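Pasted below: model09.txt, compact mmCIF, C-alpha atoms.
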```txt
# COMPACT_ATOMS: atom_id res chain seq x y z
CA MET A 1412 17.45 10.01 -19.51
CA ASN A 1413 14.52 11.95 -21.01
CA GLN A 1414 15.97 11.86 -24.49
CA GLU A 1415 13.49 12.52 -27.26
CA PHE A 1416 13.21 10.02 -30.08
CA LYS A 1417 11.31 10.61 -33.30
CA ALA A 1418 9.97 7.05 -33.56
CA VAL A 1419 9.45 3.84 -31.60
CA ILE A 1420 9.01 0.20 -32.44
CA LEU A 1421 6.08 -1.26 -30.54
CA GLU A 1422 5.66 -5.03 -30.35
CA VAL A 1423 2.66 -6.93 -28.97
CA ARG A 1424 2.92 -10.68 -28.32
CA PRO A 1425 0.35 -13.17 -26.93
CA GLY A 1426 1.08 -14.51 -23.46
CA VAL A 1427 -0.79 -17.14 -21.45
CA GLY A 1428 -4.33 -18.00 -22.48
CA GLY A 1429 -4.11 -19.87 -25.78
CA ASP A 1430 -6.35 -18.58 -28.57
CA GLU A 1431 -7.86 -15.95 -26.29
CA ALA A 1432 -4.37 -14.52 -25.66
CA LYS A 1433 -3.90 -14.19 -29.44
CA ILE A 1434 -7.22 -12.37 -29.72
CA TRP A 1435 -6.24 -10.13 -26.81
CA ALA A 1436 -2.90 -9.27 -28.45
CA GLY A 1437 -4.83 -8.27 -31.56
CA ASP A 1438 -7.16 -6.09 -29.47
CA LEU A 1439 -4.19 -4.30 -27.89
CA THR A 1440 -2.61 -3.77 -31.30
CA ARG A 1441 -5.83 -2.15 -32.51
CA MET A 1442 -5.94 0.01 -29.35
CA TYR A 1443 -2.47 1.40 -30.09
CA ARG A 1444 -3.41 1.99 -33.71
CA ARG A 1445 -6.43 4.04 -32.64
CA TYR A 1446 -4.37 5.97 -30.08
CA SER A 1447 -1.79 6.77 -32.76
CA GLU A 1448 -4.52 8.03 -35.07
CA ILE A 1449 -5.90 10.30 -32.33
CA ARG A 1450 -2.40 11.61 -31.62
CA ASN A 1451 -1.84 12.24 -35.34
CA TRP A 1452 1.16 9.93 -35.29
CA LYS A 1453 2.28 8.02 -38.37
CA LEU A 1454 2.03 4.24 -38.00
CA GLU A 1455 3.69 1.60 -40.16
CA GLU A 1456 3.19 -2.17 -39.85
CA ILE A 1457 6.62 -3.80 -40.06
CA ASP A 1458 5.80 -7.36 -38.98
CA ASP A 1459 3.04 -9.38 -37.33
CA GLY A 1460 2.32 -7.61 -34.06
CA VAL A 1461 5.13 -5.10 -34.66
CA MET A 1462 4.59 -1.44 -35.55
CA LYS A 1463 6.79 1.59 -36.12
CA ILE A 1464 5.17 4.74 -34.79
CA LYS A 1465 6.49 8.22 -35.56
CA GLY A 1466 5.38 11.48 -34.00
CA LYS A 1467 5.80 14.18 -31.40
CA ASN A 1468 6.93 12.85 -28.00
CA VAL A 1469 6.06 9.31 -29.09
CA TYR A 1470 8.65 7.61 -26.89
CA GLY A 1471 7.75 9.74 -23.88
CA LYS A 1472 4.10 8.75 -24.20
CA LEU A 1473 4.52 5.05 -24.98
CA ARG A 1474 7.59 3.92 -23.05
CA GLY A 1475 5.44 3.15 -19.99
CA GLU A 1476 3.45 0.59 -22.01
CA THR A 1477 6.24 -1.99 -21.79
CA GLY A 1478 5.15 -4.94 -19.66
CA VAL A 1479 2.42 -7.56 -19.28
CA HIS A 1480 -1.18 -6.51 -19.98
CA ARG A 1481 -3.76 -8.82 -18.37
CA VAL A 1482 -7.38 -9.15 -19.51
CA GLN A 1483 -10.33 -10.60 -17.59
CA ARG A 1484 -13.40 -11.34 -19.71
CA ILE A 1485 -15.69 -14.02 -21.07
CA PRO A 1486 -14.25 -15.29 -24.38
CA GLU A 1487 -16.64 -15.61 -27.31
CA THR A 1488 -15.89 -19.34 -27.37
CA GLU A 1489 -16.82 -19.79 -23.70
CA ARG A 1490 -20.24 -21.49 -23.55
CA ALA A 1491 -20.49 -21.62 -19.75
CA GLY A 1492 -20.07 -17.87 -19.36
CA ARG A 1493 -16.96 -18.13 -17.22
CA ILE A 1494 -14.49 -15.27 -16.97
CA HIS A 1495 -11.04 -16.15 -18.30
CA THR A 1496 -7.73 -14.43 -17.61
CA SER A 1497 -5.25 -14.02 -20.46
CA THR A 1498 -2.18 -11.90 -21.03
CA ALA A 1499 -0.16 -10.23 -23.75
CA SER A 1500 3.23 -8.57 -23.50
CA VAL A 1501 4.09 -5.17 -24.93
CA VAL A 1502 7.61 -3.92 -25.65
CA VAL A 1503 8.33 -0.33 -26.72
CA LEU A 1504 11.81 0.45 -28.05
CA PRO A 1505 13.04 3.79 -29.37
CA GLU A 1506 14.31 4.09 -32.92
CA VAL A 1507 17.92 4.89 -32.11
CA PRO A 1508 20.08 6.76 -34.66
CA GLU A 1509 23.02 4.83 -36.10
CA THR A 1510 25.45 7.36 -34.63
CA GLN A 1511 24.37 6.50 -31.07
CA ILE A 1512 24.99 2.75 -31.18
CA ASP A 1513 28.21 1.28 -32.55
CA ILE A 1514 27.57 -2.16 -34.03
CA LYS A 1515 30.42 -4.11 -35.57
CA GLU A 1516 29.60 -6.11 -38.70
CA ASP A 1517 31.65 -9.04 -37.37
CA ASP A 1518 29.25 -9.27 -34.42
CA LEU A 1519 26.26 -9.92 -36.69
CA ALA A 1520 24.94 -13.23 -38.00
CA TRP A 1521 22.39 -12.92 -40.81
CA GLU A 1522 19.93 -15.57 -41.98
CA PHE A 1523 17.65 -15.15 -44.98
CA THR A 1524 14.59 -17.28 -45.72
CA ARG A 1525 11.41 -17.16 -47.75
CA SER A 1526 8.82 -15.13 -45.95
CA GLY A 1527 5.67 -17.17 -46.48
CA GLY A 1528 3.70 -14.13 -45.34
CA HIS A 1529 1.75 -11.33 -46.97
CA GLY A 1530 2.92 -9.52 -50.06
CA GLY A 1531 2.14 -11.79 -52.96
CA GLN A 1532 4.11 -14.46 -54.79
CA ASN A 1533 7.34 -12.46 -54.91
CA VAL A 1534 7.66 -12.59 -51.12
CA ASN A 1535 7.31 -16.37 -51.10
CA LYS A 1536 9.74 -17.10 -53.95
CA VAL A 1537 12.60 -14.84 -52.87
CA ALA A 1538 14.54 -15.08 -49.58
CA THR A 1539 13.31 -11.74 -48.23
CA ALA A 1540 12.73 -12.67 -44.58
CA VAL A 1541 15.56 -11.68 -42.25
CA ARG A 1542 16.73 -13.12 -38.94
CA LEU A 1543 19.55 -11.22 -37.26
CA THR A 1544 21.60 -12.40 -34.28
CA HIS A 1545 23.90 -10.10 -32.33
CA LYS A 1546 26.56 -12.57 -31.21
CA PRO A 1547 27.96 -10.70 -28.17
CA THR A 1548 24.52 -10.38 -26.52
CA ASP A 1549 22.55 -13.23 -28.18
CA ILE A 1550 19.82 -10.73 -29.09
CA VAL A 1551 17.75 -12.07 -32.00
CA VAL A 1552 15.44 -9.92 -34.13
CA SER A 1553 13.55 -10.81 -37.26
CA CYS A 1554 11.50 -9.12 -39.95
CA ARG A 1555 9.58 -10.58 -42.87
CA GLN A 1556 6.86 -8.06 -43.65
CA GLU A 1557 8.53 -6.03 -46.40
CA ARG A 1558 8.83 -7.23 -49.99
CA SER A 1559 12.59 -6.73 -50.29
CA GLN A 1560 15.42 -8.22 -48.30
CA GLU A 1561 17.11 -4.82 -48.04
CA GLN A 1562 14.04 -3.26 -46.40
CA ASN A 1563 13.83 -6.09 -43.89
CA ARG A 1564 17.57 -5.82 -43.17
CA LYS A 1565 17.14 -2.12 -42.39
CA ILE A 1566 14.22 -2.76 -40.05
CA ALA A 1567 16.09 -5.58 -38.29
CA MET A 1568 19.02 -3.23 -37.66
CA GLU A 1569 16.66 -0.58 -36.29
CA ARG A 1570 15.18 -3.08 -33.87
CA LEU A 1571 18.62 -4.31 -32.82
CA ARG A 1572 19.79 -0.76 -32.07
CA GLY A 1573 16.71 -0.26 -29.91
CA GLU A 1574 17.39 -3.47 -27.98
CA LEU A 1575 21.04 -2.53 -27.41
CA TRP A 1576 20.10 1.00 -26.34
CA GLU A 1577 17.57 -0.38 -23.86
CA ARG A 1578 20.15 -2.69 -22.31
CA GLU A 1579 22.60 0.17 -21.95
CA GLN A 1580 19.95 2.29 -20.20
CA GLU A 1581 19.19 -0.57 -17.82
CA LYS A 1582 22.86 -0.79 -16.88
CA LYS A 1583 23.04 2.95 -16.24
CA TYR A 1584 19.94 2.98 -14.07
CA SER A 1585 21.11 -0.06 -12.11
CA MET A 1586 24.44 1.59 -11.39
CA LEU A 1587 22.76 4.80 -10.20
CA ASN A 1588 20.23 3.13 -7.95
CA ALA A 1589 19.52 -0.58 -7.46
CA GLN A 1590 15.92 0.22 -6.56
CA ARG A 1591 15.38 1.71 -10.01
CA SER A 1592 16.61 -1.35 -11.89
CA LYS A 1593 13.10 -2.22 -13.06
CA ILE A 1594 13.65 -0.51 -16.35
CA GLY A 1595 14.22 -1.98 -19.76
CA ARG A 1596 14.19 -5.73 -20.12
CA SER A 1597 13.19 -6.49 -16.50
CA MET A 1598 9.99 -4.51 -17.01
CA ARG A 1599 8.91 -6.82 -19.80
CA ALA A 1600 7.88 -9.50 -17.30
CA GLU A 1601 6.14 -7.05 -14.96
CA LYS A 1602 2.34 -7.08 -14.88
CA ILE A 1603 1.54 -3.41 -15.37
CA ARG A 1604 -2.18 -3.31 -16.13
CA THR A 1605 -5.43 -5.29 -15.84
CA TYR A 1606 -8.39 -4.81 -18.20
CA ASN A 1607 -11.59 -6.08 -16.55
CA TYR A 1608 -14.44 -6.23 -19.07
CA PRO A 1609 -17.35 -7.13 -16.74
CA GLN A 1610 -16.61 -4.01 -14.65
CA ASN A 1611 -15.57 -1.84 -17.62
CA ARG A 1612 -12.43 -1.15 -15.56
CA VAL A 1613 -8.76 -0.66 -16.36
CA THR A 1614 -6.30 -0.74 -13.45
CA ASP A 1615 -2.69 0.39 -13.66
CA HIS A 1616 -0.83 -1.50 -10.93
CA ARG A 1617 2.16 0.83 -10.88
CA MET A 1618 0.01 3.87 -10.12
CA GLY A 1619 -2.55 1.98 -8.05
CA LYS A 1620 -5.28 3.71 -10.02
CA SER A 1621 -8.36 2.56 -11.93
CA TRP A 1622 -10.50 4.05 -14.70
CA TYR A 1623 -14.05 2.85 -15.38
CA LYS A 1624 -14.04 3.48 -19.11
CA LEU A 1625 -12.46 0.37 -20.59
CA ASP A 1626 -14.65 0.67 -23.69
CA LYS A 1627 -13.24 4.12 -24.47
CA ILE A 1628 -9.67 3.09 -23.67
CA MET A 1629 -9.85 0.17 -26.10
CA GLU A 1630 -10.94 2.70 -28.74
CA GLY A 1631 -7.70 4.61 -28.24
CA ASP A 1632 -8.50 6.94 -25.34
CA LEU A 1633 -5.21 6.28 -23.55
CA PHE A 1634 -4.50 9.87 -22.55
CA ASP A 1635 -5.14 9.42 -18.81
CA LEU A 1636 -2.98 6.30 -18.68
CA THR A 1637 -0.01 7.41 -20.77
CA ASP A 1638 0.13 10.98 -19.46
CA SER A 1639 -0.30 9.99 -15.81
CA ASN A 1640 2.31 7.29 -16.08
CA THR A 1641 4.93 9.57 -17.64
CA GLY A 1642 4.15 12.61 -15.54
CA SER A 1643 3.21 14.62 -18.61
CA ASP A 1644 0.82 17.54 -18.40
CA ASP A 1645 0.12 17.50 -22.13
CA ASN A 1646 -3.35 15.94 -22.47
CA SER A 1647 -4.14 17.18 -25.95
CA PRO A 1648 -3.62 15.46 -29.30
CA ASP A 1649 -0.43 16.43 -31.07
CA ASP A 1650 -0.56 18.94 -33.88
CA GLU A 1651 -0.53 17.41 -37.34
CA GLY A 1652 2.82 17.37 -39.04
```

Is it possible to give me this structure as C-alpha cells?
Amino acid sequence: MNQEFKAVILEVRPGVGGDEAKIWAGDLTRMYRRYSEIRNWKLEEIDDGVMKIKGKNVYGKLRGETGVHRVQRIPETERAGRIHTSTASVVVLPEVPETQIDIKEDDLAWEFTRSGGHGGQNVNKVATAVRLTHKPTDIVVSCRQERSQEQNRKIAMERLRGELWEREQEKKYSMLNAQRSKIGRSMRAEKIRTYNYPQNRVTDHRMGKSWYKLDKIMEGDLFDLTDSNTGSDDNSPDDEG
C-alpha cells in the first residue's frame, strides 16, 4: 500500500466555528504552503482551499494530514478574551494516473456554469466552472479556478480519480483487517490534531504526543508531525528538482 505518487490534491474546508473556522482554514492552508516551500515542492492553487502539490514523497508525507484539525484560541473579534474552539477538515488525495482507474464516460454527469471567481471578465462571461458527478458512487467534485473549461475538466477528473482510488483502498484495508478500516473516507471525520495557541502547543491525538512550538509549526515546520506520523526517518528538506 506504500505506493509512491508524484502529486497530491490537498483540500482544506472550514468546520464548526463560523467566521473563526474560515480564518482557521485559511491559516492551515498557509501552513501547508509554507511546508511545501520548505520541502521544495511545487504548489498550484486549483480552487478555493484546494491545492495540487508535486514533489518527492509528497503523498507519503501528507497522507496523514487527512482528518479534523481543531484550534483553541482567542479570536480577534472576541472582546471578552474567551478561548474559542473551531475546526477545519483536511483531505489529501493522491493524483492517480489514468491507467490505474477505469472511469466510463457513461458514468459521468457534467455541469458547466459561469465561475464568478477570480480570473477577470472572461471567467465570468464563459461557462468555465465545472461540476462533475460520478453516478455509480454519487461522488461530486467541482473546479472553477482555471480560465478555461478544459483545464477545469482535467482537474475535476484528477480529483475524481483520487476519490475513487481512496475508496478502493478503504475496501482493501477493511477486507484485510476490520480494525484498520479507519483509512480513507472514515478518517475525514476523525479529530487528529489540536492546536492550542495559549499554550503554544500542538497535540497529535493518534500518536498521543505534543510539541510546544505551535508558532514554528504554523510557519511550515511540520517535519516532526509528518515524519513521526508516517514512520519516516527522512527529516531533511527534499532536494530541489

Residue among A:Gln1580, A:Ser1553, A:Asn1451, A:Thr1637 lying closest to A:Pro1505, counting all atoms listed in the file: A:Gln1580

Selected residue of minimal separation from A:Asn1611 among A:His1495, A:Arg1484, A:Lys1465, A:Arg1441, counting all atoms listed in the file: A:Arg1484

For atom CA of A:Lys1463 and atom CA of A:Leu1543, the interatomic separation in Å (one decimal):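 Separation of atom CA of A:Lys1463 and atom CA of A:Leu1543: 18.1 Å.
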
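Reported to one decimal place, the separation of atom CA of A:Gln1556 from atom CA of A:Ala1540 is 7.5 Å.
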
Which of A:Gly1619, A:Asp1635, A:Thr1440, A:Leu1519 sits closest to A:Glu1456 [using all atoms listed in the file]: A:Thr1440

Top pick for closest residue to A:Leu1454, considering A:Lys1546, A:Val1427, A:Asp1518, A:Ile1420 and counting all atoms listed in the file: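 Looking at the shortest contact to A:Leu1454, the residue is A:Ile1420.
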
For atom CA of A:Ile1457 and atom CA of A:Gly1437, the interatomic separation in Å (one decimal):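 Here the two named atoms are 14.9 Å from each other.
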
Surrounding residues of A:Thr1544 excluding itself and chain neighbours under 5 positions, 10 Å, all atoms listed in the file, as a list in words: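 Answer for this query is Asp1518, Leu1519, Ala1520, Trp1521, Glu1522, Asp1549, Ile1550, Val1551, Val1552, Ser1553, Ala1567 and Leu1571 of chain A.
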
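Taking all atoms listed in the file into account, A:Arg1572 lies nearest to A:Asp1513 out of the set A:Met1629, A:Asp1513, A:Arg1555, A:Ile1603.
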
Spatial neighbours of A:Gln1511, 12 Å, only C-alpha atoms, chain gap at least 5 places, as a PyMOL selection string: chain A and resi 1414+1416+1505-1506+1569+1572-1573+1575-1576+1579

Residue neighbourhood A:Tyr1446, 9 Å, all atoms listed in the file, exclusion window fewer than 5 positions, as an MDAnalysis selection string: chainID A and resid 1441 1451:1452 1628:1634

Counting all atoms listed in the file, the residue of A:Arg1474, A:Arg1558, A:Arg1525, A:Arg1493 that sits nearest A:Leu1636: A:Arg1474

For A:Val1502: contacts at 7 Å, only C-alpha atoms, fewer than 5 positions along chain excluded, given as a PyMOL selection string: chain A and resi 1421-1423+1477-1478+1599

Would you compute the box with edges along x, y and z of the file around stretch 1449-1455 of chain A, including every atom the file lists for it and 6 Å extra on each side, and give its centre and edge lengths in Å to one decimal, as AutoDock Vina command-line options?
```
--center_x -1.1 --center_y 6.9 --center_z -35.9 --size_x 21.6 --size_y 22.6 --size_z 20.5
```
